[in-house]
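Engineer: Before anything else, here's the structure in question.
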Amino acid sequence: MAPERLGIGSPWFEDLKLGQAFDDAPAVTLTSGHAALHEAVFGDRLRLPLDAELSRAVTGSDRTLANPNLVCNVAIGQTTFPSGRVIGNLFYRGLVLQRPVHLGDTLRTSTTIAALRQNRPRPERPATGMAVFEMHVENQRGETVLHFWRCPMLPCRDPEADTGHADSFDTIATDLDMDRVRAAVPPDWRLDTFRERLSGVHFGDVPDTATFAVEGRDTVTCAPEIARLTLNVAGAHTDAGASSHGRRLVYGGHTISTAAAQLTRALPNLVTFIAWRSCDHTAPVFEGDVLRSEFEVEAKHPLAGGGGLLDLRTRVYAERGAEAPEPGEDVLVLDWRALGLMA
C-alpha cells in the first residue's frame, strides 16, 4: 500500500476561526548576523544600532540596541504561517514598541484571529476575505515588547465560497493612546548625552510643520532574502506562482524598512522609532522597483525630560513605468504614520 501523502501548507480563509491562536512559530534570538544583513539590504543610518559605544552611553546596556524595524520585521515574520497564502497585507495598526530590544534578546510572537470579513463577491474573481491578526510579542523574560494588529487578504479554497464572515473591525485600534506611547520611551535613556555628543538638528530644531523630499532613491533588492531572514513563510514573497500578480510580491516590511532608511537621511539624529499610528500598503511593490520617499512632520510632542516625539507621515512612491496611472507618474505604494524619538 502506498504511503499516505500529506500536504503541508498554510490555511485558506475559510479555515480560520475567530479567536483561533497560533503560537508555535520558532523563537528568534537577534544576533549581529541579523543586524548585518538587515543593514546591508536597507542601509539604515539610525545611530544607536550602528554605534555600540553610543548605544551603551545612551541606553545604559552593554548590548547594542537592535534596529526597531528589524524587530518589527521578525515579529511580523513569526506571524505569517496563518497568512501564508496572502494576496496582500493591507494595513498595520496600533504598533507600540513597549520596551527596547537589544542584540541577544529572544523574541516570541503569538497571533490571534481577531476578526474575519469576506470581501464582496465580484464577477469572475475568486472569493477572498480579510483577516485581522492581533499580535503579542514577548522577550526571553516574558515582558511584552510589541502589541499590534495587521490585516492580510487571503484567498478562499472554494472560489465561490460564502463563509458568512462579516465581523466588525471596530476592535482594531484606530489611534494611539499618547500616554501609552510616552510610557514606552525608556525613562533611563540619556537623551541629553545623545544631544551633547552629536551636532546638527535635534528635536527643538525641527520645524513644527515641514516636508522633506529625499532625492536619493533605492532599488528594491534581496526581497526573498529578507523574507527568509525574518521567518516570513508567505508564498507570494518567494514564489511567483503563489502570487496573484504573476511575479513575486515584495514583503511589506521591506518597503517600510526602505522608507525608514530614507527618513534617517532627512533626520540623521533620529534616536529610534517608538510607535506606528498606521501603515497602509496602497499598491504592491516588486523586486526592481525604485522607491522614493516624502516625509511630513504632522505634530511635535515634547517630553518632560527633554527631547520629544515627532509625528511623521511617510509616503513612498515607486517608479512603475508603463504601469503608472499617467506617463511618468510614480505610484503611491505606502502611507506610513510613525512616531520617532529625538533628543
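By order in the C-alpha cells, chains are A, B, ...; within a chain, residues start at 1; ligands start at 1, following the order shown.
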Using only C-alpha atoms, determine which residues lie at most 10 Å from A:Asp23, disregarding the query and same-chain residues fewer than 4 positions distant; provide the list as number ranges by chain.

Structural biologist: A: 27, 78-79, 108-112, 135-136

Engineer: Write out as an MDAnalysis selection string the residues lying within 12 Å of A:Thr29, counting only C-alpha atoms and excluding same-chain residues fewer than 5 positions away.

Structural biologist: chainID A and resid 34:35 66 70:71 74:75 101:108 138:140 229:230

Engineer: Might you pull out every residue within 12 Å of stretch 4-19 of chain A, with only C-alpha atoms counted and same-chain residues fewer than 6 positions away left off, and present them as a ChimeraX atom specification?

Structural biologist: /A:79-87,111-119,126-134,152-168,233-235,242

Engineer: Keeping C-alpha atoms for every residue in the selection just given, could you write it to a file as a PDB file, in the first residue's frame?

Structural biologist:
```pdb
ATOM      1  CA  THR A  79       3.034  35.559  12.355  1.00  0.00           C
ATOM      2  CA  THR A  80       2.991  34.504   8.702  1.00  0.00           C
ATOM      3  CA  PHE A  81       2.014  30.835   8.908  1.00  0.00           C
ATOM      4  CA  PRO A  82      -1.712  31.684   9.166  1.00  0.00           C
ATOM      5  CA  SER A  83      -1.288  34.215   6.330  1.00  0.00           C
ATOM      6  CA  GLY A  84       0.971  32.057   4.199  1.00  0.00           C
ATOM      7  CA  ARG A  85      -1.416  32.259   1.232  1.00  0.00           C
ATOM      8  CA  VAL A  86      -1.591  36.055   1.463  1.00  0.00           C
ATOM      9  CA  ILE A  87      -2.661  38.048  -1.566  1.00  0.00           C
ATOM     10  CA  THR A 111      -1.104  35.511  16.854  1.00  0.00           C
ATOM     11  CA  THR A 112      -4.856  35.534  17.493  1.00  0.00           C
ATOM     12  CA  ILE A 113      -7.586  35.859  14.862  1.00  0.00           C
ATOM     13  CA  ALA A 114      -9.453  38.998  15.983  1.00  0.00           C
ATOM     14  CA  ALA A 115     -11.909  39.455  13.086  1.00  0.00           C
ATOM     15  CA  LEU A 116     -12.867  37.841   9.764  1.00  0.00           C
ATOM     16  CA  ARG A 117     -14.714  39.531   6.930  1.00  0.00           C
ATOM     17  CA  GLN A 118     -15.313  38.083   3.484  1.00  0.00           C
ATOM     18  CA  ASN A 119     -14.943  40.535   0.625  1.00  0.00           C
ATOM     19  CA  PRO A 126     -12.406  34.087  -6.815  1.00  0.00           C
ATOM     20  CA  ALA A 127     -13.692  34.570  -3.273  1.00  0.00           C
ATOM     21  CA  THR A 128     -11.363  36.254  -0.781  1.00  0.00           C
ATOM     22  CA  GLY A 129     -11.528  37.579   2.756  1.00  0.00           C
ATOM     23  CA  MET A 130      -9.758  39.857   5.208  1.00  0.00           C
ATOM     24  CA  ALA A 131      -8.411  38.501   8.489  1.00  0.00           C
ATOM     25  CA  VAL A 132      -7.422  40.761  11.361  1.00  0.00           C
ATOM     26  CA  PHE A 133      -4.485  39.340  13.319  1.00  0.00           C
ATOM     27  CA  GLU A 134      -3.715  40.572  16.826  1.00  0.00           C
ATOM     28  CA  PRO A 152      -3.868  40.301   5.355  1.00  0.00           C
ATOM     29  CA  MET A 153      -6.212  39.477   2.485  1.00  0.00           C
ATOM     30  CA  LEU A 154      -6.453  35.731   1.879  1.00  0.00           C
ATOM     31  CA  PRO A 155      -7.989  33.519  -0.819  1.00  0.00           C
ATOM     32  CA  CYS A 156     -10.744  31.001  -0.207  1.00  0.00           C
ATOM     33  CA  ARG A 157     -10.187  27.350  -1.063  1.00  0.00           C
ATOM     34  CA  ASP A 158     -13.558  27.366  -2.858  1.00  0.00           C
ATOM     35  CA  PRO A 159     -13.543  30.209  -5.415  1.00  0.00           C
ATOM     36  CA  GLU A 160     -17.313  30.537  -4.926  1.00  0.00           C
ATOM     37  CA  ALA A 161     -17.287  30.239  -1.130  1.00  0.00           C
ATOM     38  CA  ASP A 162     -19.769  32.085   1.031  1.00  0.00           C
ATOM     39  CA  THR A 163     -18.321  31.913   4.532  1.00  0.00           C
ATOM     40  CA  GLY A 164     -20.765  34.316   6.125  1.00  0.00           C
ATOM     41  CA  HIS A 165     -17.887  36.075   7.893  1.00  0.00           C
ATOM     42  CA  ALA A 166     -18.808  39.735   8.370  1.00  0.00           C
ATOM     43  CA  ASP A 167     -17.080  40.785  11.595  1.00  0.00           C
ATOM     44  CA  SER A 168     -16.697  44.420  12.536  1.00  0.00           C
ATOM     45  CA  VAL A 233       6.711  31.970   5.011  1.00  0.00           C
ATOM     46  CA  ALA A 234       4.141  33.757   2.837  1.00  0.00           C
ATOM     47  CA  GLY A 235       4.474  32.062  -0.547  1.00  0.00           C
ATOM     48  CA  ALA A 242       1.907  31.806  -5.445  1.00  0.00           C
TER      49      ALA A 242
END
```

Engineer: Could you pull out the alpha helix (DSSP H) residues of stretch 6-87 of chain A, going by DSSP on the backbone, and write them as a PDB file with C-alpha atoms, in the first residue's frame?

Structural biologist:
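Result saved to states-v9.pdb:
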```pdb
ATOM      1  CA  SER A  32      24.882  40.579  14.947  1.00  0.00           C
ATOM      2  CA  GLY A  33      24.285  38.448  11.840  1.00  0.00           C
ATOM      3  CA  HIS A  34      20.655  39.546  11.666  1.00  0.00           C
ATOM      4  CA  ALA A  35      21.734  43.142  12.176  1.00  0.00           C
ATOM      5  CA  ALA A  36      24.435  42.986   9.490  1.00  0.00           C
ATOM      6  CA  LEU A  37      22.194  41.517   6.789  1.00  0.00           C
ATOM      7  CA  HIS A  38      19.377  43.939   7.611  1.00  0.00           C
ATOM      8  CA  GLU A  39      21.851  46.828   7.392  1.00  0.00           C
ATOM      9  CA  ALA A  40      23.352  45.549   4.135  1.00  0.00           C
ATOM     10  CA  VAL A  41      19.946  45.467   2.441  1.00  0.00           C
ATOM     11  CA  PHE A  42      18.481  48.733   3.752  1.00  0.00           C
ATOM     12  CA  ARG A  47      22.921  55.802  15.080  1.00  0.00           C
ATOM     13  CA  LEU A  48      22.306  53.598  18.138  1.00  0.00           C
ATOM     14  CA  PRO A  49      22.110  50.246  16.267  1.00  0.00           C
ATOM     15  CA  LEU A  50      25.282  51.213  14.362  1.00  0.00           C
ATOM     16  CA  ALA A  52      27.856  50.251  20.095  1.00  0.00           C
ATOM     17  CA  GLU A  53      29.650  52.808  22.241  1.00  0.00           C
ATOM     18  CA  LEU A  54      26.964  55.462  21.734  1.00  0.00           C
ATOM     19  CA  SER A  55      24.263  52.858  22.327  1.00  0.00           C
ATOM     20  CA  ARG A  56      25.898  51.937  25.649  1.00  0.00           C
ATOM     21  CA  ALA A  57      26.205  55.578  26.708  1.00  0.00           C
ATOM     22  CA  VAL A  58      22.575  56.401  25.886  1.00  0.00           C
ATOM     23  CA  THR A  59      20.722  53.187  26.816  1.00  0.00           C
ATOM     24  CA  PRO A  68      13.398  48.772  15.587  1.00  0.00           C
ATOM     25  CA  ASN A  69      12.489  47.825  12.031  1.00  0.00           C
ATOM     26  CA  LEU A  70      14.467  44.594  12.321  1.00  0.00           C
ATOM     27  CA  VAL A  71      12.448  43.851  15.475  1.00  0.00           C
ATOM     28  CA  CYS A  72       9.157  44.563  13.696  1.00  0.00           C
ATOM     29  CA  ASN A  73      10.134  42.512  10.647  1.00  0.00           C
ATOM     30  CA  VAL A  74      10.985  39.458  12.752  1.00  0.00           C
ATOM     31  CA  ALA A  75       7.788  39.797  14.780  1.00  0.00           C
ATOM     32  CA  ILE A  76       5.706  40.034  11.600  1.00  0.00           C
ATOM     33  CA  GLY A  77       7.580  37.123  10.016  1.00  0.00           C
TER      34      GLY A  77
END
```

Engineer: Hey, what's within 7 Å of A:Arg99 if we count only C-alpha atoms and toss same-chain stuff fewer than 5 positions away? As a PyMOL selection string, please?

Structural biologist: chain A and resi 145+184+186

Engineer: Which neighbours of A:His245 fall inside 10 Å, counting only C-alpha atoms, when residues of the same chain fewer than 2 positions from it are skipped, and could you give them as a list in words?

Structural biologist: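 Residues near the query, excluding close chain neighbours: Ile87, Ala236, Ala240, Gly241, Ala242, Ser243, Arg247, Arg248, Leu249, Pro284 and Phe286 of chain A.
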
Engineer: Looking at A:Val96, A:Val271, A:Val214, A:Leu231, which one is nearest to A:Arg182, with distances taken over only C-alpha atoms?

Structural biologist: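 Comparing A:Val96, A:Val271, A:Val214, A:Leu231 against A:Arg182, the winner is A:Val96.
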
Engineer: Find the spatial neighbours of stretch 290-294 of chain A, counting only C-alpha atoms, within a cut-off of 9 Å - ignore same-chain residues fewer than 2 positions away - and output them as a list in words.

Structural biologist: Thr211, Phe212, Ala213, Val214, Glu215, Gly216, Arg217, Asp218, Thr219, Val220, Thr255, Thr258, Ala259, Gln262, Leu263, Glu287, Gly288, Glu296, Arg313, Thr314, Arg315, Val316, Tyr317, Ala318, Glu319, Arg320 and Val333 of chain A

Engineer: Just want the 6 Å neighbourhood of stretch 304-310 of chain A, counted on only C-alpha atoms, with same-chain residues fewer than 3 positions away dropped. Output as a PDB file with N, CA and C atoms, in the first residue's frame.

Structural biologist:
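Contents of the output file selection-v9.pdb:
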```pdb
ATOM      1  N   PHE A 203      15.499  67.665  18.353  1.00  0.00           N
ATOM      2  CA  PHE A 203      14.052  67.856  18.442  1.00  0.00           C
ATOM      3  C   PHE A 203      13.655  69.326  18.388  1.00  0.00           C
ATOM      4  N   LYS A 300       4.504  67.752  16.939  1.00  0.00           N
ATOM      5  CA  LYS A 300       5.625  67.555  17.847  1.00  0.00           C
ATOM      6  C   LYS A 300       5.079  67.408  19.258  1.00  0.00           C
ATOM      7  N   HIS A 301       5.647  66.447  20.011  1.00  0.00           N
ATOM      8  CA  HIS A 301       5.190  66.168  21.368  1.00  0.00           C
ATOM      9  C   HIS A 301       6.400  66.219  22.306  1.00  0.00           C
ATOM     10  N   LEU A 339       5.794  57.400  14.927  1.00  0.00           N
ATOM     11  CA  LEU A 339       6.291  58.335  15.938  1.00  0.00           C
ATOM     12  C   LEU A 339       7.764  58.053  16.190  1.00  0.00           C
ATOM     13  N   GLY A 340       8.597  59.057  15.916  1.00  0.00           N
ATOM     14  CA  GLY A 340      10.034  58.927  16.116  1.00  0.00           C
ATOM     15  C   GLY A 340      10.495  59.724  17.313  1.00  0.00           C
ATOM     16  N   LEU A 341      11.480  59.200  18.017  1.00  0.00           N
ATOM     17  CA  LEU A 341      12.046  59.849  19.187  1.00  0.00           C
ATOM     18  C   LEU A 341      13.277  60.646  18.789  1.00  0.00           C
ATOM     19  N   MET A 342      13.334  61.922  19.230  1.00  0.00           N
ATOM     20  CA  MET A 342      14.513  62.734  19.035  1.00  0.00           C
ATOM     21  C   MET A 342      14.937  63.345  20.364  1.00  0.00           C
ATOM     22  N   ALA A 343      16.227  63.587  20.479  1.00  0.00           N
ATOM     23  CA  ALA A 343      16.782  64.131  21.727  1.00  0.00           C
ATOM     24  C   ALA A 343      16.669  65.652  21.760  1.00  0.00           C
TER      25      ALA A 343
END
```

Engineer: Please identify which residues in stretch 180-239 of chain A DSSP calls strand (DSSP E or B) from the backbone, and express them as number ranges by chain.

Structural biologist: A: 210-213, 218-219

Engineer: Since we have the selection now, will you write its residues out, keeping C-alpha atoms, as a PDB file, in the first residue's frame?

Structural biologist:
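Heads up, here's the output in result-v9.pdb:
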```
ATOM      1  CA  ALA A 210       7.820  70.568   7.459  1.00  0.00           C
ATOM      2  CA  THR A 211       8.030  68.306   4.427  1.00  0.00           C
ATOM      3  CA  PHE A 212      11.224  66.507   3.390  1.00  0.00           C
ATOM      4  CA  ALA A 213      11.647  65.064  -0.091  1.00  0.00           C
ATOM      5  CA  ASP A 218      16.579  52.924  -3.551  1.00  0.00           C
ATOM      6  CA  THR A 219      16.113  49.962  -5.850  1.00  0.00           C
TER       7      THR A 219
END
```

Engineer: So the first atom is atom CA of A:Leu334 and the second is atom CA of A:Pro268; what is the distance between them in Å, to one decimal place?

Structural biologist: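 Atom CA of A:Pro268 lies at a distance of 21.6 Å from atom CA of A:Leu334.
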
Engineer: From the set A:Trp149, A:Phe273, A:Phe22, A:Phe295, which residue has the shortest atom-to-atom contact distance to A:Leu46, counting only C-alpha atoms?

Structural biologist: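 Among the listed residues, the smallest separation from A:Leu46 belongs to A:Phe273.
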
Engineer: Calculated over only C-alpha atoms, which of the candidates A:Ile256, A:Ala275, A:Cys151, A:Leu90 has the smallest distance to A:Asp177?

Structural biologist: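 Smallest separation from A:Asp177 among the options: A:Ala275.
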